[in-house]
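One file, input22.cif, is given below (mmCIF, C-alpha atoms).
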data_my_file
loop_
_atom_site.label_atom_id
_atom_site.label_comp_id
_atom_site.auth_asym_id
_atom_site.auth_seq_id
_atom_site.Cartn_x
_atom_site.Cartn_y
_atom_site.Cartn_z
CA MET A 25 -23.25 -5.48 -4.22
CA THR A 26 -25.20 -8.70 -4.41
CA ILE A 27 -22.55 -11.30 -5.00
CA PRO A 28 -23.52 -13.81 -7.67
CA SER A 29 -23.79 -17.27 -6.17
CA GLU A 30 -24.64 -20.80 -7.03
CA LYS A 31 -25.05 -24.03 -5.10
CA THR A 32 -23.50 -27.14 -6.55
CA LYS A 33 -24.91 -30.65 -6.39
CA GLY A 34 -22.30 -31.37 -3.76
CA LYS A 35 -23.85 -28.61 -1.58
CA VAL A 36 -20.91 -26.28 -2.12
CA LEU A 37 -21.77 -22.59 -2.20
CA VAL A 38 -19.78 -20.82 -4.92
CA LEU A 39 -19.59 -17.03 -4.62
CA LYS A 40 -18.25 -14.98 -7.52
CA PRO A 41 -17.62 -11.35 -6.57
CA GLU A 42 -17.14 -9.04 -9.56
CA GLY A 43 -14.94 -5.98 -9.97
CA ARG A 44 -13.50 -4.48 -6.81
CA LEU A 45 -13.39 -5.59 -3.18
CA ASP A 46 -12.19 -2.35 -1.60
CA SER A 47 -13.07 -0.04 1.28
CA ASN A 48 -16.04 1.29 -0.67
CA THR A 49 -17.64 -2.00 -1.75
CA ILE A 50 -16.87 -3.99 1.36
CA ALA A 51 -19.87 -3.10 3.53
CA ALA A 52 -22.35 -4.49 1.01
CA ALA A 53 -20.15 -7.49 0.25
CA GLU A 54 -19.85 -8.28 3.94
CA ALA A 55 -23.60 -8.14 4.54
CA ASP A 56 -24.09 -10.44 1.60
CA MET A 57 -21.44 -12.97 2.55
CA PHE A 58 -22.45 -13.20 6.18
CA SER A 59 -26.09 -13.73 5.32
CA TYR A 60 -24.97 -16.91 3.56
CA LEU A 61 -23.07 -18.01 6.63
CA GLU A 62 -26.09 -17.36 8.82
CA LYS A 63 -28.10 -19.65 6.57
CA GLY A 64 -25.75 -22.41 7.64
CA GLU A 65 -23.45 -22.74 4.66
CA THR A 66 -20.28 -24.59 5.60
CA LYS A 67 -18.65 -25.36 2.26
CA VAL A 68 -17.80 -22.13 0.48
CA VAL A 69 -15.76 -21.43 -2.63
CA LEU A 70 -14.77 -17.89 -3.59
CA ASP A 71 -14.34 -17.89 -7.37
CA LEU A 72 -12.23 -14.80 -8.00
CA SER A 73 -12.07 -15.03 -11.81
CA GLY A 74 -14.18 -11.86 -12.05
CA LEU A 75 -12.27 -9.91 -9.42
CA ASP A 76 -10.07 -7.14 -10.78
CA TYR A 77 -8.91 -5.49 -7.58
CA ILE A 78 -8.63 -6.22 -3.86
CA SER A 79 -7.31 -4.04 -1.06
CA SER A 80 -6.71 -4.76 2.61
CA SER A 81 -10.44 -4.26 3.25
CA GLY A 82 -11.25 -7.13 0.91
CA LEU A 83 -8.58 -9.31 2.44
CA ARG A 84 -9.99 -8.67 5.90
CA LEU A 85 -13.41 -9.78 4.72
CA VAL A 86 -12.01 -12.98 3.22
CA LEU A 87 -10.11 -13.63 6.42
CA MET A 88 -13.22 -13.13 8.55
CA MET A 89 -15.16 -15.51 6.35
CA GLY A 90 -12.42 -18.09 6.71
CA LYS A 91 -12.33 -17.71 10.48
CA ARG A 92 -16.10 -17.95 10.85
CA LEU A 93 -16.34 -21.01 8.65
CA SER A 94 -13.50 -22.65 10.48
CA LEU A 95 -15.22 -22.09 13.83
CA LYS A 96 -18.29 -23.90 12.48
CA GLY A 97 -16.18 -26.78 11.20
CA GLY A 98 -16.62 -25.51 7.66
CA LYS A 99 -14.19 -24.84 4.84
CA LEU A 100 -13.33 -21.99 2.52
CA ALA A 101 -11.32 -22.21 -0.69
CA LEU A 102 -10.39 -19.52 -3.17
CA CYS A 103 -9.75 -20.13 -6.87
CA SER A 104 -8.93 -18.47 -10.18
CA LEU A 105 -7.03 -15.49 -8.81
CA LYS A 106 -5.80 -13.01 -11.40
CA PRO A 107 -2.02 -12.35 -11.13
CA ASN A 108 -2.40 -8.94 -9.46
CA ILE A 109 -4.84 -10.41 -6.94
CA ARG A 110 -2.55 -13.33 -6.22
CA GLU A 111 0.30 -10.92 -5.59
CA VAL A 112 -1.74 -9.13 -2.91
CA PHE A 113 -2.49 -12.46 -1.22
CA GLU A 114 1.22 -13.30 -1.31
CA ILE A 115 2.42 -9.95 0.08
CA SER A 116 -0.02 -10.17 2.95
CA GLY A 117 0.90 -13.76 3.75
CA PHE A 118 -2.72 -14.77 3.29
CA ILE A 119 -1.78 -17.24 0.60
CA SER A 120 -0.31 -19.46 3.29
CA ILE A 121 -3.18 -19.39 5.73
CA LEU A 122 -6.06 -19.76 3.30
CA THR A 123 -6.73 -22.51 0.78
CA VAL A 124 -5.90 -20.91 -2.56
CA VAL A 125 -6.00 -23.13 -5.62
CA GLY A 126 -6.00 -22.74 -9.38
CA THR A 127 -9.30 -23.99 -10.65
CA ARG A 128 -12.87 -24.07 -9.46
CA ALA A 129 -12.90 -27.85 -9.63
CA GLU A 130 -9.95 -28.00 -7.24
CA ALA A 131 -11.65 -25.52 -4.92
CA GLU A 132 -14.91 -27.48 -4.83
CA ALA A 133 -12.95 -30.63 -4.13
CA ALA A 134 -10.99 -28.92 -1.36
CA VAL A 135 -14.09 -27.90 0.61
CA ALA A 136 -16.05 -31.03 -0.06
CA ARG A 137 -13.70 -33.29 1.85
CA MET B 18 8.21 9.54 -24.64
CA THR B 19 8.14 10.53 -21.02
CA ALA B 20 7.63 14.23 -20.36
CA ALA B 21 10.18 15.40 -17.80
CA GLY B 22 8.52 16.18 -14.47
CA ALA B 23 4.93 15.37 -15.50
CA ARG B 24 2.63 16.33 -12.66
CA PHE B 25 -0.98 15.63 -11.71
CA THR B 26 -3.01 16.78 -8.73
CA LEU B 27 -6.37 15.53 -7.49
CA ASN B 28 -8.51 16.84 -4.65
CA LEU B 29 -10.72 14.00 -3.51
CA PRO B 30 -13.82 14.50 -1.37
CA ASN B 31 -13.63 12.38 1.78
CA ARG B 32 -15.96 9.71 0.39
CA LEU B 33 -14.74 6.15 -0.14
CA ALA B 34 -16.47 6.00 -3.54
CA ALA B 35 -14.10 8.67 -4.81
CA ILE B 36 -11.11 6.34 -4.49
CA GLY B 37 -12.12 3.93 -7.25
CA GLU B 38 -12.90 6.83 -9.56
CA ALA B 39 -9.53 8.41 -8.87
CA ALA B 40 -7.80 5.10 -9.57
CA GLU B 41 -8.86 5.28 -13.21
CA GLU B 42 -7.51 8.80 -13.63
CA ILE B 43 -4.26 7.83 -11.95
CA GLU B 44 -3.95 4.78 -14.20
CA ARG B 45 -4.37 7.00 -17.27
CA PHE B 46 -1.78 9.48 -16.02
CA CYS B 47 0.69 6.67 -15.37
CA ALA B 48 0.13 5.10 -18.79
CA ALA B 49 0.58 8.46 -20.50
CA ASN B 50 3.87 9.03 -18.71
CA GLY B 51 5.69 5.76 -19.15
CA VAL B 52 4.90 4.17 -15.79
CA PRO B 53 4.56 0.39 -16.35
CA PRO B 54 1.19 -1.18 -15.45
CA ALA B 55 2.61 -3.21 -12.57
CA ALA B 56 4.09 -0.12 -10.91
CA ALA B 57 0.90 1.84 -11.55
CA GLY B 58 -1.09 -0.96 -9.93
CA HIS B 59 1.13 -0.94 -6.84
CA LEU B 60 0.87 2.83 -6.63
CA ASN B 61 -2.91 2.73 -6.86
CA LEU B 62 -3.16 0.17 -4.09
CA ALA B 63 -0.81 2.14 -1.85
CA LEU B 64 -2.81 5.30 -2.52
CA ASP B 65 -6.10 3.49 -1.88
CA GLU B 66 -4.88 2.28 1.52
CA THR B 67 -3.58 5.72 2.48
CA ILE B 68 -6.65 7.62 1.34
CA THR B 69 -8.98 5.08 2.96
CA ASN B 70 -7.20 5.58 6.30
CA ALA B 71 -7.47 9.35 5.97
CA ILE B 72 -11.19 9.19 5.17
CA GLU B 73 -11.89 6.76 8.00
CA TYR B 74 -9.77 8.32 10.75
CA ALA B 75 -8.73 11.91 10.00
CA TRP B 76 -12.01 13.64 10.82
CA PRO B 77 -13.69 12.02 13.84
CA ASP B 78 -16.33 14.74 13.88
CA GLY B 79 -17.23 14.05 10.27
CA GLY B 80 -18.05 16.76 7.77
CA GLU B 81 -16.90 17.40 4.25
CA HIS B 82 -13.17 17.44 3.74
CA GLU B 83 -10.65 16.86 1.01
CA VAL B 84 -7.70 14.58 0.56
CA MET B 85 -5.12 15.98 -1.83
CA VAL B 86 -3.10 13.66 -4.03
CA SER B 87 -0.29 14.91 -6.20
CA LEU B 88 1.79 12.76 -8.52
CA THR B 89 5.08 13.55 -10.24
CA VAL B 90 6.86 11.36 -12.76
CA ALA B 91 10.50 12.10 -13.49
CA ASP B 92 13.74 10.18 -13.99
CA GLY B 93 12.19 6.74 -13.81
CA GLU B 94 10.42 7.40 -10.54
CA ILE B 95 6.89 8.26 -9.56
CA VAL B 96 6.42 10.32 -6.42
CA ALA B 97 3.01 10.58 -4.79
CA GLU B 98 2.08 12.90 -1.99
CA VAL B 99 -1.16 12.41 -0.05
CA SER B 100 -2.17 15.13 2.37
CA ASP B 101 -5.13 16.06 4.53
CA ASP B 102 -5.98 18.63 7.20
CA GLY B 103 -7.32 16.09 9.68
CA ALA B 104 -6.17 14.91 13.09
CA ALA B 105 -2.45 14.24 13.33
CA PHE B 106 -1.81 10.65 12.33
CA ASP B 107 1.49 9.04 11.35
CA PRO B 108 0.68 5.77 9.56
CA LEU B 109 4.31 4.69 9.79
CA LYS B 110 3.87 4.32 13.54
CA VAL B 111 1.17 1.67 13.11
CA PRO B 112 2.61 -1.65 14.30
CA PRO B 113 3.17 -4.20 11.53
CA PRO B 114 0.62 -6.99 11.19
CA ASP B 115 1.46 -10.47 12.35
CA LEU B 116 2.13 -12.30 9.10
CA GLU B 117 3.08 -15.56 10.73
CA SER B 118 0.10 -16.62 12.80
CA ASP B 119 -2.40 -19.08 11.43
CA LEU B 120 -5.97 -18.46 10.41
CA GLU B 121 -7.55 -18.67 13.83
CA ALA B 122 -4.91 -16.61 15.63
CA ARG B 123 -4.34 -13.95 12.97
CA PRO B 124 -5.56 -10.57 14.18
CA ILE B 125 -7.55 -8.55 11.71
CA GLY B 126 -6.11 -5.21 10.64
CA GLY B 127 -2.75 -3.49 10.17
CA LEU B 128 -2.51 -4.57 6.57
CA GLY B 129 -3.10 -1.31 4.73
CA VAL B 130 0.01 0.42 6.00
CA HIS B 131 1.97 -2.81 5.48
CA PHE B 132 1.05 -2.71 1.79
CA VAL B 133 2.16 0.90 1.47
CA LYS B 134 5.55 0.11 2.99
CA THR B 135 5.99 -3.08 0.97
CA LEU B 136 4.83 -1.84 -2.42
CA MET B 137 6.62 1.51 -2.39
CA ASP B 138 10.39 1.98 -2.38
CA GLU B 139 10.29 4.84 0.10
CA VAL B 140 7.61 6.23 2.39
CA ALA B 141 7.94 9.30 4.60
CA TYR B 142 5.52 11.13 6.88
CA ARG B 143 5.57 14.70 8.08
CA ARG B 144 3.14 17.01 9.79
CA ALA B 145 3.27 20.48 8.24
CA ASP B 146 0.98 23.51 8.51
CA GLY B 147 -1.72 21.48 10.24
CA ARG B 148 -1.65 18.78 7.55
CA ASN B 149 -0.65 15.14 7.49
CA VAL B 150 1.63 14.63 4.49
CA LEU B 151 2.61 11.16 3.34
CA THR B 152 5.16 10.98 0.52
CA MET B 153 5.76 7.72 -1.30
CA ARG B 154 8.17 6.91 -4.10
CA LYS B 155 8.37 4.07 -6.56
CA ARG B 156 11.11 3.54 -9.09
CA PHE B 157 10.35 1.78 -12.31
CA GLY B 158 12.81 0.42 -14.82
CA ALA B 159 12.10 -0.43 -18.44
CA SER B 160 8.94 -2.59 -18.56
#
Just give me the structure as structure tokens.
Amino acid sequence: MTIPSEKTKGKVLVLKPEGRLDSNTIAAAEADMFSYLEKGETKVVLDLSGLDYISSSGLRLVLMMGKRLSLKGGKLALCSLKPNIREVFEISGFISILTVVGTRAEAEAAVAR
Amino acid sequence: MTAAGARFTLNLPNRLAAIGEAAEEIERFCAANGVPPAAAGHLNLALDETITNAIEYAWPDGGEHEVMVSLTVADGEIVAEVSDDGAAFDPLKVPPPDLESDLEARPIGGLGVHFVKTLMDEVAYRRADGRNVLTMRKRFGAS
């Protein structure tokens, strides 16, 4: 999976994974996401408006991204979660340890500070 | 109208790609038998986690194997049984993840089984005839 991405004027990298982040799609998604981190991105937004399904594999990837960015003094924010996706973040407790907001504008603002 | 005791069995090859395909069939079976979408979604996630663990850990020597999934809907409850002939593994013995630690301290892993236990009303494991058998149940009221 090549995750669609765009860079904003404020130098925020917005990634928009589509469909499923599960055990099957995660290897490709991981390679993709970490190549962005290796390029030195430190302000990353995950726009999840196109994400229909996430399992523990996907959550682990998001967590790893968050940890790696944090270690580099960077920031990660997630936005536009569908209700079933939000529920998974809540059950896992991830909603409390990651920055999860409603809109993309809020997410860009959250990582830009 | 819900058919009493509607049943559905799938034999999945031990390839991760098969899980997403099976999810669609399972969704259709649930919809056709009165299982509300939210409950069907929880079931599919619990099945995904269980089948993923089987595929990743049950056959250390590799090779082609099958994971069997059977579903029964009756009396406002869906019962799913996932079984495989791999190495003995009781997922219910996996320690729960630490849900309290912050981002830096949070260990990675342990979540899949946590979802199964949280999303399903009952989960039980047994080893029988050289197979791991995980049975999970979810009740659903009127949607």
Residues of chain A at most 8 Å from chain B: nearest atom pair and distance in Å, only C-alpha atoms, as JSON lines:
{"residue": "A:Ser47", "atom": "CA", "partner": "B:Leu33", "partner_atom": "CA", "distance": 6.6}
{"residue": "A:Asn48", "atom": "CA", "partner": "B:Leu33", "partner_atom": "CA", "distance": 5.1}
{"residue": "A:Ser79", "atom": "CA", "partner": "B:Leu62", "partner_atom": "CA", "distance": 6.6}
{"residue": "A:Ser80", "atom": "CA", "partner": "B:Gly129", "partner_atom": "CA", "distance": 5.4}
{"residue": "A:Arg84", "atom": "CA", "partner": "B:Ile125", "partner_atom": "CA", "distance": 6.3}
{"residue": "A:Leu87", "atom": "CA", "partner": "B:Leu120", "partner_atom": "CA", "distance": 7.5}
{"residue": "A:Met88", "atom": "CA", "partner": "B:Ile125", "partner_atom": "CA", "distance": 7.9}
{"residue": "A:Gly90", "atom": "CA", "partner": "B:Leu120", "partner_atom": "CA", "distance": 7.4}
{"residue": "A:Lys91", "atom": "CA", "partner": "B:Glu121", "partner_atom": "CA", "distance": 5.9}
{"residue": "A:Ser94", "atom": "CA", "partner": "B:Glu121", "partner_atom": "CA", "distance": 7.9}
{"residue": "A:Ile115", "atom": "CA", "partner": "B:Phe132", "partner_atom": "CA", "distance": 7.6}
{"residue": "A:Ser116", "atom": "CA", "partner": "B:Leu116", "partner_atom": "CA", "distance": 6.9}
{"residue": "A:Gly117", "atom": "CA", "partner": "B:Leu116", "partner_atom": "CA", "distance": 5.7}
{"residue": "A:Phe118", "atom": "CA", "partner": "B:Leu116", "partner_atom": "CA", "distance": 8.0}
{"residue": "A:Ile121", "atom": "CA", "partner": "B:Leu120", "partner_atom": "CA", "distance": 5.5}
{"residue": "A:Leu122", "atom": "CA", "partner": "B:Leu120", "partner_atom": "CA", "distance": 7.2}
Exercise. Any idea what the distance is between atom CA of Val52 of chain B and atom CA of Arg156 of chain B?
Worked result: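 Atom CA of Arg156 of chain B lies 9.2 Å from atom CA of Val52 of chain B.
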For this session: Could you tell me which residues the PyMOL selection byres ((chain A and resi 127-130) around 7) returns for this structure, as a PyMOL selection string?
Result: chain A and resi 71+103-104+125-126+131-134
Problem set entry | Separation of atom CA of Lys40 of chain A from atom CA of Asp56 of chain A in Å |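 Here the two named atoms are 11.7 Å from each other.
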Problem set entry | segment 148-150 of chain B surroundings by all atoms listed in the file, 8 Å radius, close-in-sequence under 4 positions cut, as a count of residues only | 13
Once the PyMOL selection byres ((chain B and resi 48) around 12) has been applied to the shown file, what residues remain in the selection, as an mmCIF file with C-alpha atoms, in the coordinates of the input?
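To be explicit, this is the file written out as expr_35.cif:
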data_model
loop_
_atom_site.group_PDB
_atom_site.id
_atom_site.type_symbol
_atom_site.label_atom_id
_atom_site.label_comp_id
_atom_site.auth_asym_id
_atom_site.auth_seq_id
_atom_site.Cartn_x
_atom_site.Cartn_y
_atom_site.Cartn_z
ATOM 1 C CA MET B 18 8.210 9.540 -24.640
ATOM 2 C CA THR B 19 8.140 10.530 -21.020
ATOM 3 C CA ALA B 20 7.630 14.230 -20.360
ATOM 4 C CA ALA B 23 4.930 15.370 -15.500
ATOM 5 C CA GLU B 41 -8.860 5.280 -13.210
ATOM 6 C CA GLU B 42 -7.510 8.800 -13.630
ATOM 7 C CA ILE B 43 -4.260 7.830 -11.950
ATOM 8 C CA GLU B 44 -3.950 4.780 -14.200
ATOM 9 C CA ARG B 45 -4.370 7.000 -17.270
ATOM 10 C CA PHE B 46 -1.780 9.480 -16.020
ATOM 11 C CA CYS B 47 0.690 6.670 -15.370
ATOM 12 C CA ALA B 49 0.580 8.460 -20.500
ATOM 13 C CA ASN B 50 3.870 9.030 -18.710
ATOM 14 C CA GLY B 51 5.690 5.760 -19.150
ATOM 15 C CA VAL B 52 4.900 4.170 -15.790
ATOM 16 C CA PRO B 53 4.560 0.390 -16.350
ATOM 17 C CA PRO B 54 1.190 -1.180 -15.450
ATOM 18 C CA ALA B 55 2.610 -3.210 -12.570
ATOM 19 C CA ALA B 56 4.090 -0.120 -10.910
ATOM 20 C CA ALA B 57 0.900 1.840 -11.550
ATOM 21 C CA GLY B 58 -1.090 -0.960 -9.930
ATOM 22 C CA VAL B 90 6.860 11.360 -12.760
ATOM 23 C CA ILE B 95 6.890 8.260 -9.560
ATOM 24 C CA SER B 160 8.940 -2.590 -18.560
#
Problem set entry | Non-local contacts of Asp138 of chain B (8 Å; all atoms listed in the file; under 6 positions in same chain excluded) as a list of chain:residue names |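 Residues near the query, excluding close chain neighbours: B:Met153, B:Arg154, B:Lys155, B:Arg156.
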Exercise. Interatomic distance between atom CA of Pro77 of chain B and atom CA of Ala39 of chain B?
Worked result: 23.4 Å
Exercise. Of the candidates A:Ala101, A:Ala53, A:Leu61, A:Leu37, which one gets nearest to Leu85 of chain A if we count all atoms listed in the file?
Worked result: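 Closest candidate: A:Ala53.
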Problem set entry | Picked residues, the PyMOL selection byres ((chain A and resi 136) around 10), expected as number ranges by chain | A: 34-36, 66-69, 98-100, 130-135, 137
Those residues you just picked out, can you put them in a file as a compact mmCIF listing (two decimals), in the frame of the given file with C-alpha atoms?
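Wrote part.txt, looks like this:
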# COMPACT_ATOMS: atom_id res chain seq x y z
CA GLY A 34 -22.30 -31.37 -3.76
CA LYS A 35 -23.85 -28.61 -1.58
CA VAL A 36 -20.91 -26.28 -2.12
CA THR A 66 -20.28 -24.59 5.60
CA LYS A 67 -18.65 -25.36 2.26
CA VAL A 68 -17.80 -22.13 0.48
CA VAL A 69 -15.76 -21.43 -2.63
CA GLY A 98 -16.62 -25.51 7.66
CA LYS A 99 -14.19 -24.84 4.84
CA LEU A 100 -13.33 -21.99 2.52
CA GLU A 130 -9.95 -28.00 -7.24
CA ALA A 131 -11.65 -25.52 -4.92
CA GLU A 132 -14.91 -27.48 -4.83
CA ALA A 133 -12.95 -30.63 -4.13
CA ALA A 134 -10.99 -28.92 -1.36
CA VAL A 135 -14.09 -27.90 0.61
CA ARG A 137 -13.70 -33.29 1.85
Exercise. Near Leu72 of chain A, within 9 Å and counting all atoms listed in the file, which residues show up once chain neighbours fewer than 3 positions away are dropped, as a ChimeraX atom specification?
Worked result: /A:39-42,75-76,102-106,109
May I have the centre and edge lengths, in Å to one decimal, of an axis-aligned box around the listed atoms of segment 62-81 of chain B with 3 Å added to every side, as JSON?
{"center_x": -9.4, "center_y": 8.8, "center_z": 4.9, "size_x": 23.2, "size_y": 23.2, "size_z": 24.0}
Atoms are missing here; could segment 71-89 of chain B be completed with N, CA and C atoms and written as an mmCIF file, in the coordinates of the input?
data_model
loop_
_atom_site.group_PDB
_atom_site.id
_atom_site.type_symbol
_atom_site.label_atom_id
_atom_site.label_comp_id
_atom_site.auth_asym_id
_atom_site.auth_seq_id
_atom_site.Cartn_x
_atom_site.Cartn_y
_atom_site.Cartn_z
ATOM 1 N N ALA B 71 -7.180 7.935 5.724
ATOM 2 C CA ALA B 71 -7.470 9.350 5.970
ATOM 3 C C ALA B 71 -8.979 9.548 6.101
ATOM 4 N N ILE B 72 -9.741 8.997 5.155
ATOM 5 C CA ILE B 72 -11.190 9.190 5.170
ATOM 6 C C ILE B 72 -11.800 8.587 6.433
ATOM 7 N N GLU B 73 -11.278 7.445 6.852
ATOM 8 C CA GLU B 73 -11.890 6.760 8.000
ATOM 9 C C GLU B 73 -11.457 7.321 9.349
ATOM 10 N N TYR B 74 -10.280 7.941 9.428
ATOM 11 C CA TYR B 74 -9.770 8.320 10.750
ATOM 12 C C TYR B 74 -9.432 9.801 10.933
ATOM 13 N N ALA B 75 -9.266 10.558 9.842
ATOM 14 C CA ALA B 75 -8.730 11.910 10.000
ATOM 15 C C ALA B 75 -9.725 12.901 10.587
ATOM 16 N N TRP B 76 -11.012 12.661 10.390
ATOM 17 C CA TRP B 76 -12.010 13.640 10.820
ATOM 18 C C TRP B 76 -13.061 12.960 11.682
ATOM 19 N N PRO B 77 -12.755 12.733 12.962
ATOM 20 C CA PRO B 77 -13.690 12.020 13.840
ATOM 21 C C PRO B 77 -15.043 12.712 13.971
ATOM 22 N N ASP B 78 -15.066 14.034 13.780
ATOM 23 C CA ASP B 78 -16.330 14.740 13.880
ATOM 24 C C ASP B 78 -17.083 14.782 12.561
ATOM 25 N N GLY B 79 -16.552 14.123 11.554
ATOM 26 C CA GLY B 79 -17.230 14.050 10.270
ATOM 27 C C GLY B 79 -17.103 15.334 9.465
ATOM 28 N N GLY B 80 -18.067 15.552 8.595
ATOM 29 C CA GLY B 80 -18.050 16.760 7.770
ATOM 30 C C GLY B 80 -17.382 16.524 6.443
ATOM 31 N N GLU B 81 -17.478 17.519 5.582
ATOM 32 C CA GLU B 81 -16.900 17.400 4.250
ATOM 33 C C GLU B 81 -15.466 17.925 4.257
ATOM 34 N N HIS B 82 -14.585 17.060 3.789
ATOM 35 C CA HIS B 82 -13.170 17.440 3.740
ATOM 36 C C HIS B 82 -12.572 16.935 2.456
ATOM 37 N N GLU B 83 -11.325 17.308 2.222
ATOM 38 C CA GLU B 83 -10.650 16.860 1.010
ATOM 39 C C GLU B 83 -9.335 16.176 1.332
ATOM 40 N N VAL B 84 -9.018 15.190 0.504
ATOM 41 C CA VAL B 84 -7.700 14.580 0.560
ATOM 42 C C VAL B 84 -7.011 14.978 -0.743
ATOM 43 N N MET B 85 -5.828 15.547 -0.635
ATOM 44 C CA MET B 85 -5.120 15.980 -1.830
ATOM 45 C C MET B 85 -4.085 14.929 -2.223
ATOM 46 N N VAL B 86 -4.067 14.614 -3.506
ATOM 47 C CA VAL B 86 -3.100 13.660 -4.030
ATOM 48 C C VAL B 86 -2.349 14.335 -5.164
ATOM 49 N N SER B 87 -1.034 14.387 -5.057
ATOM 50 C CA SER B 87 -0.290 14.910 -6.200
ATOM 51 C C SER B 87 0.752 13.898 -6.633
ATOM 52 N N LEU B 88 0.872 13.749 -7.937
ATOM 53 C CA LEU B 88 1.790 12.760 -8.520
ATOM 54 C C LEU B 88 2.803 13.477 -9.405
ATOM 55 N N THR B 89 4.039 13.026 -9.347
ATOM 56 C CA THR B 89 5.080 13.550 -10.240
ATOM 57 C C THR B 89 5.841 12.377 -10.810
#
